[in-house]
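Q: Next up, model06.cif (mmCIF, N, CA and C atoms).
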data_target
#
loop_
_atom_site.label_atom_id
_atom_site.label_comp_id
_atom_site.auth_asym_id
_atom_site.auth_seq_id
_atom_site.Cartn_x
_atom_site.Cartn_y
_atom_site.Cartn_z
N MET A 861 -0.73 5.25 -6.28
CA MET A 861 -0.16 4.13 -6.97
C MET A 861 -0.72 4.09 -8.39
N LYS A 862 0.18 3.97 -9.33
CA LYS A 862 -0.26 3.83 -10.72
C LYS A 862 -0.51 2.36 -11.01
N VAL A 863 -1.60 2.10 -11.69
CA VAL A 863 -1.95 0.73 -12.03
C VAL A 863 -2.15 0.64 -13.53
N ASP A 864 -1.49 -0.31 -14.14
CA ASP A 864 -1.63 -0.56 -15.56
C ASP A 864 -2.97 -1.25 -15.79
N THR A 865 -3.80 -0.69 -16.65
CA THR A 865 -5.11 -1.30 -16.90
C THR A 865 -5.00 -2.69 -17.50
N ASN A 866 -3.83 -3.02 -18.03
CA ASN A 866 -3.61 -4.39 -18.51
C ASN A 866 -3.42 -5.36 -17.35
N ASN A 867 -3.27 -4.83 -16.15
CA ASN A 867 -3.08 -5.67 -14.96
C ASN A 867 -4.36 -5.83 -14.15
N LEU A 868 -5.48 -5.79 -14.81
CA LEU A 868 -6.77 -6.07 -14.18
C LEU A 868 -7.17 -7.48 -14.58
N VAL A 869 -7.43 -8.32 -13.60
CA VAL A 869 -7.83 -9.70 -13.91
C VAL A 869 -9.03 -10.09 -13.05
N SER A 870 -9.82 -10.99 -13.56
CA SER A 870 -10.97 -11.46 -12.78
C SER A 870 -10.49 -12.42 -11.70
N ILE A 871 -11.30 -12.56 -10.68
CA ILE A 871 -10.95 -13.47 -9.59
C ILE A 871 -10.90 -14.92 -10.10
N THR A 872 -11.73 -15.24 -11.08
CA THR A 872 -11.72 -16.58 -11.67
C THR A 872 -10.40 -16.84 -12.36
N GLU A 873 -9.95 -15.87 -13.17
CA GLU A 873 -8.68 -16.02 -13.87
C GLU A 873 -7.53 -16.13 -12.87
N ALA A 874 -7.57 -15.32 -11.81
CA ALA A 874 -6.50 -15.35 -10.82
C ALA A 874 -6.43 -16.70 -10.11
N SER A 875 -7.58 -17.26 -9.80
CA SER A 875 -7.57 -18.55 -9.10
C SER A 875 -7.17 -19.69 -10.01
N GLN A 876 -7.49 -19.60 -11.29
CA GLN A 876 -7.16 -20.67 -12.22
C GLN A 876 -5.73 -20.57 -12.75
N ASN A 877 -5.16 -19.36 -12.77
CA ASN A 877 -3.84 -19.16 -13.36
C ASN A 877 -2.95 -18.33 -12.43
N PHE A 878 -2.89 -18.70 -11.16
CA PHE A 878 -2.18 -17.86 -10.20
C PHE A 878 -0.71 -17.66 -10.56
N SER A 879 -0.05 -18.69 -11.03
CA SER A 879 1.38 -18.54 -11.35
C SER A 879 1.57 -17.51 -12.47
N ARG A 880 0.67 -17.47 -13.44
CA ARG A 880 0.76 -16.47 -14.50
C ARG A 880 0.52 -15.08 -13.96
N ILE A 881 -0.42 -14.94 -13.03
CA ILE A 881 -0.71 -13.63 -12.42
C ILE A 881 0.49 -13.18 -11.59
N ALA A 882 1.13 -14.11 -10.87
CA ALA A 882 2.32 -13.77 -10.09
C ALA A 882 3.44 -13.29 -11.01
N ARG A 883 3.60 -13.92 -12.16
CA ARG A 883 4.60 -13.47 -13.14
C ARG A 883 4.27 -12.07 -13.64
N MET A 884 2.98 -11.79 -13.83
CA MET A 884 2.58 -10.43 -14.24
C MET A 884 3.06 -9.40 -13.23
N VAL A 885 2.91 -9.72 -11.95
CA VAL A 885 3.35 -8.81 -10.89
C VAL A 885 4.85 -8.59 -11.01
N ASP A 886 5.60 -9.67 -11.20
CA ASP A 886 7.05 -9.56 -11.33
C ASP A 886 7.47 -8.73 -12.53
N GLU A 887 6.75 -8.88 -13.63
CA GLU A 887 7.14 -8.24 -14.88
C GLU A 887 6.60 -6.82 -15.04
N THR A 888 5.37 -6.58 -14.59
CA THR A 888 4.75 -5.28 -14.90
C THR A 888 4.22 -4.53 -13.69
N GLY A 889 4.30 -5.12 -12.51
CA GLY A 889 3.86 -4.40 -11.30
C GLY A 889 2.55 -4.93 -10.75
N PRO A 890 1.95 -4.18 -9.83
CA PRO A 890 0.75 -4.63 -9.12
C PRO A 890 -0.39 -5.07 -10.04
N VAL A 891 -1.11 -6.08 -9.59
CA VAL A 891 -2.27 -6.59 -10.31
C VAL A 891 -3.50 -6.39 -9.43
N ILE A 892 -4.55 -5.87 -10.03
CA ILE A 892 -5.82 -5.72 -9.32
C ILE A 892 -6.71 -6.88 -9.73
N ILE A 893 -7.22 -7.57 -8.73
CA ILE A 893 -8.12 -8.70 -8.98
C ILE A 893 -9.54 -8.19 -8.78
N LEU A 894 -10.35 -8.40 -9.80
CA LEU A 894 -11.73 -7.91 -9.81
C LEU A 894 -12.70 -9.01 -9.40
N GLU A 895 -13.70 -8.61 -8.65
CA GLU A 895 -14.80 -9.51 -8.33
C GLU A 895 -16.08 -8.79 -8.72
N ASN A 896 -16.87 -9.39 -9.59
CA ASN A 896 -18.07 -8.74 -10.13
C ASN A 896 -17.73 -7.39 -10.76
N ASN A 897 -16.63 -7.37 -11.50
CA ASN A 897 -16.14 -6.18 -12.23
C ASN A 897 -15.79 -5.00 -11.33
N ALA A 898 -15.55 -5.25 -10.06
CA ALA A 898 -15.14 -4.19 -9.14
C ALA A 898 -13.81 -4.60 -8.49
N PRO A 899 -12.91 -3.66 -8.26
CA PRO A 899 -11.64 -4.00 -7.60
C PRO A 899 -11.90 -4.62 -6.23
N ARG A 900 -11.26 -5.74 -5.99
CA ARG A 900 -11.46 -6.44 -4.72
C ARG A 900 -10.14 -6.70 -3.99
N TYR A 901 -9.10 -7.10 -4.74
CA TYR A 901 -7.81 -7.44 -4.14
C TYR A 901 -6.69 -6.79 -4.94
N LEU A 902 -5.57 -6.59 -4.26
CA LEU A 902 -4.38 -6.04 -4.88
C LEU A 902 -3.24 -7.01 -4.62
N LEU A 903 -2.58 -7.45 -5.67
CA LEU A 903 -1.47 -8.38 -5.55
C LEU A 903 -0.20 -7.62 -5.89
N ILE A 904 0.70 -7.51 -4.89
CA ILE A 904 1.97 -6.82 -5.10
C ILE A 904 3.08 -7.67 -4.50
N GLU A 905 4.34 -7.33 -4.87
CA GLU A 905 5.48 -8.03 -4.30
C GLU A 905 5.56 -7.70 -2.82
N PHE A 906 5.89 -8.69 -2.01
CA PHE A 906 5.95 -8.52 -0.56
C PHE A 906 6.94 -7.43 -0.17
N GLU A 907 8.09 -7.40 -0.83
CA GLU A 907 9.11 -6.41 -0.51
C GLU A 907 8.59 -4.98 -0.72
N LYS A 908 7.81 -4.79 -1.78
CA LYS A 908 7.24 -3.46 -2.02
C LYS A 908 6.21 -3.10 -0.96
N ALA A 909 5.45 -4.07 -0.51
CA ALA A 909 4.47 -3.82 0.54
C ALA A 909 5.18 -3.41 1.83
N GLU A 910 6.28 -4.08 2.15
CA GLU A 910 7.05 -3.72 3.34
C GLU A 910 7.58 -2.30 3.24
N LYS A 911 8.10 -1.92 2.07
CA LYS A 911 8.62 -0.57 1.87
C LYS A 911 7.52 0.46 2.03
N GLU A 912 6.32 0.18 1.50
CA GLU A 912 5.20 1.11 1.65
C GLU A 912 4.82 1.26 3.12
N HIS A 913 4.82 0.17 3.84
CA HIS A 913 4.47 0.21 5.26
C HIS A 913 5.50 1.03 6.04
N LEU A 914 6.78 0.82 5.75
CA LEU A 914 7.82 1.59 6.42
C LEU A 914 7.71 3.07 6.10
N ALA A 915 7.39 3.39 4.85
CA ALA A 915 7.23 4.79 4.46
C ALA A 915 6.08 5.42 5.23
N ASP A 916 4.98 4.70 5.39
CA ASP A 916 3.85 5.22 6.16
C ASP A 916 4.26 5.50 7.60
N ASN A 917 5.02 4.57 8.20
CA ASN A 917 5.47 4.76 9.58
C ASN A 917 6.39 5.97 9.70
N GLU A 918 7.27 6.16 8.71
CA GLU A 918 8.16 7.31 8.73
C GLU A 918 7.36 8.60 8.62
N ASP A 919 6.33 8.60 7.78
CA ASP A 919 5.48 9.78 7.65
C ASP A 919 4.82 10.13 8.98
N LEU A 920 4.35 9.11 9.70
CA LEU A 920 3.72 9.34 11.00
C LEU A 920 4.73 9.88 12.01
N THR A 921 5.95 9.35 11.97
CA THR A 921 6.98 9.83 12.88
C THR A 921 7.31 11.29 12.60
N ASN A 922 7.45 11.64 11.34
CA ASN A 922 7.73 13.03 10.98
C ASN A 922 6.59 13.95 11.37
N LEU A 923 5.36 13.50 11.16
CA LEU A 923 4.20 14.29 11.55
C LEU A 923 4.17 14.50 13.06
N SER A 924 4.44 13.46 13.82
CA SER A 924 4.46 13.56 15.27
C SER A 924 5.51 14.56 15.73
N ARG A 925 6.70 14.49 15.16
CA ARG A 925 7.76 15.43 15.53
C ARG A 925 7.36 16.87 15.22
N ARG A 926 6.74 17.07 14.08
CA ARG A 926 6.33 18.42 13.68
C ARG A 926 5.26 18.96 14.64
N LEU A 927 4.29 18.13 14.99
CA LEU A 927 3.23 18.57 15.91
C LEU A 927 3.79 18.87 17.30
N ILE A 928 4.72 18.05 17.75
CA ILE A 928 5.34 18.31 19.06
C ILE A 928 6.09 19.64 19.02
N ALA A 929 6.84 19.87 17.96
CA ALA A 929 7.60 21.12 17.83
C ALA A 929 6.66 22.33 17.80
N GLN A 930 5.57 22.22 17.08
CA GLN A 930 4.63 23.34 16.96
C GLN A 930 3.90 23.62 18.26
N ASN A 931 3.70 22.60 19.06
CA ASN A 931 2.89 22.75 20.28
C ASN A 931 3.69 22.48 21.55
N ARG A 932 4.99 22.69 21.49
CA ARG A 932 5.86 22.37 22.62
C ARG A 932 5.40 23.05 23.91
N GLU A 933 5.04 24.33 23.84
CA GLU A 933 4.63 25.05 25.03
C GLU A 933 3.41 24.39 25.69
N ALA A 934 2.44 24.02 24.89
CA ALA A 934 1.24 23.39 25.43
C ALA A 934 1.57 22.05 26.06
N TYR A 935 2.45 21.28 25.44
CA TYR A 935 2.85 19.98 26.01
C TYR A 935 3.58 20.18 27.34
N GLU A 936 4.43 21.21 27.40
CA GLU A 936 5.17 21.48 28.64
C GLU A 936 4.23 21.85 29.77
N VAL A 937 3.21 22.65 29.46
CA VAL A 937 2.22 23.03 30.48
C VAL A 937 1.44 21.80 30.93
N LEU A 938 1.05 20.97 30.00
CA LEU A 938 0.28 19.77 30.34
C LEU A 938 1.11 18.77 31.14
N ALA A 939 2.42 18.77 30.92
CA ALA A 939 3.29 17.83 31.59
C ALA A 939 3.51 18.16 33.07
N LYS A 940 3.17 19.39 33.48
CA LYS A 940 3.39 19.81 34.89
C LYS A 940 2.39 19.19 35.82
#
Give the structure from this file in structure tokens form.
A:
Amino acid sequence: MKVDTNNLVSITEASQNFSRIARMVDETGPVIILENNAPRYLLIEFEKAEKEHLADNEDLTNLSRRLIAQNREAYEVLAK
């Protein structure tokens, strides 16, 4: 994930100006919220989070299919 360094905000700023931080997400993408100058939270649009989750699940499904295809003989022996 690419993160714009202009989208780094302190936790204090995020808590005091949440609506402005939410607008930043809408306009420029994910915002990283820092605590003690270290990344602590990531604020992204919910729809994008859902798409990322679905993509991860699809990757796992494809990986599972590939492993089954590669090891079909072993699975067939184990299934007996």
Q: Show which residues sit within 10 Å of segment 895-907 of chain A, as a list in words. Count only C-alpha atoms, and ignore same-chain residues fewer than 2 positions away.
A: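 Here the answer would be Asn867, Leu868, Val869, Ser870, Ile871, Thr872, Ile881, Ala882, Met884, Val885, Asp886, Gly889, Pro890, Val891, Ile892, Ile893, Ala909, Glu910, Lys911, Glu912 and His913 of chain A.
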Q: Out of chain A, which residues get strand (DSSP E) from DSSP, as a list in words?
A: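 Taking chain A and keeping strand (DSSP E) only, one gets Leu868, Val869, Ser870, Val891, Ile892, Ile893, Leu894, Glu895, Ala898, Pro899, Arg900, Tyr901, Leu902 and Leu903 of chain A.
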Q: I'd like the interatomic distance between atom N of Arg925 of chain A and atom N of Lys908 of chain A, to a tenth of an Å.
A: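 One can read the atom N of Arg925 of chain A to atom N of Lys908 of chain A distance as 25.7 Å.
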Q: If you measure from atom C of Glu873 of chain A to atom CA of Thr888 of chain A, what distance in Å do you get, rounded to one decimal?
A: 16.5 Å
Q: Got a sec to tell me which of chain A DSSP assigns to helix (DSSP H, G or I), as a PyMOL selection string?
A: chain A and resi 865-867+871-876+878-888+906-930+932-939
Q: Tell me, in Å to one decimal, how far atom CA of Leu894 of chain A is from atom CA of Asn866 of chain A.
A: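 According to the coordinates, atom CA of Leu894 of chain A and atom CA of Asn866 of chain A are separated by 12.4 Å.
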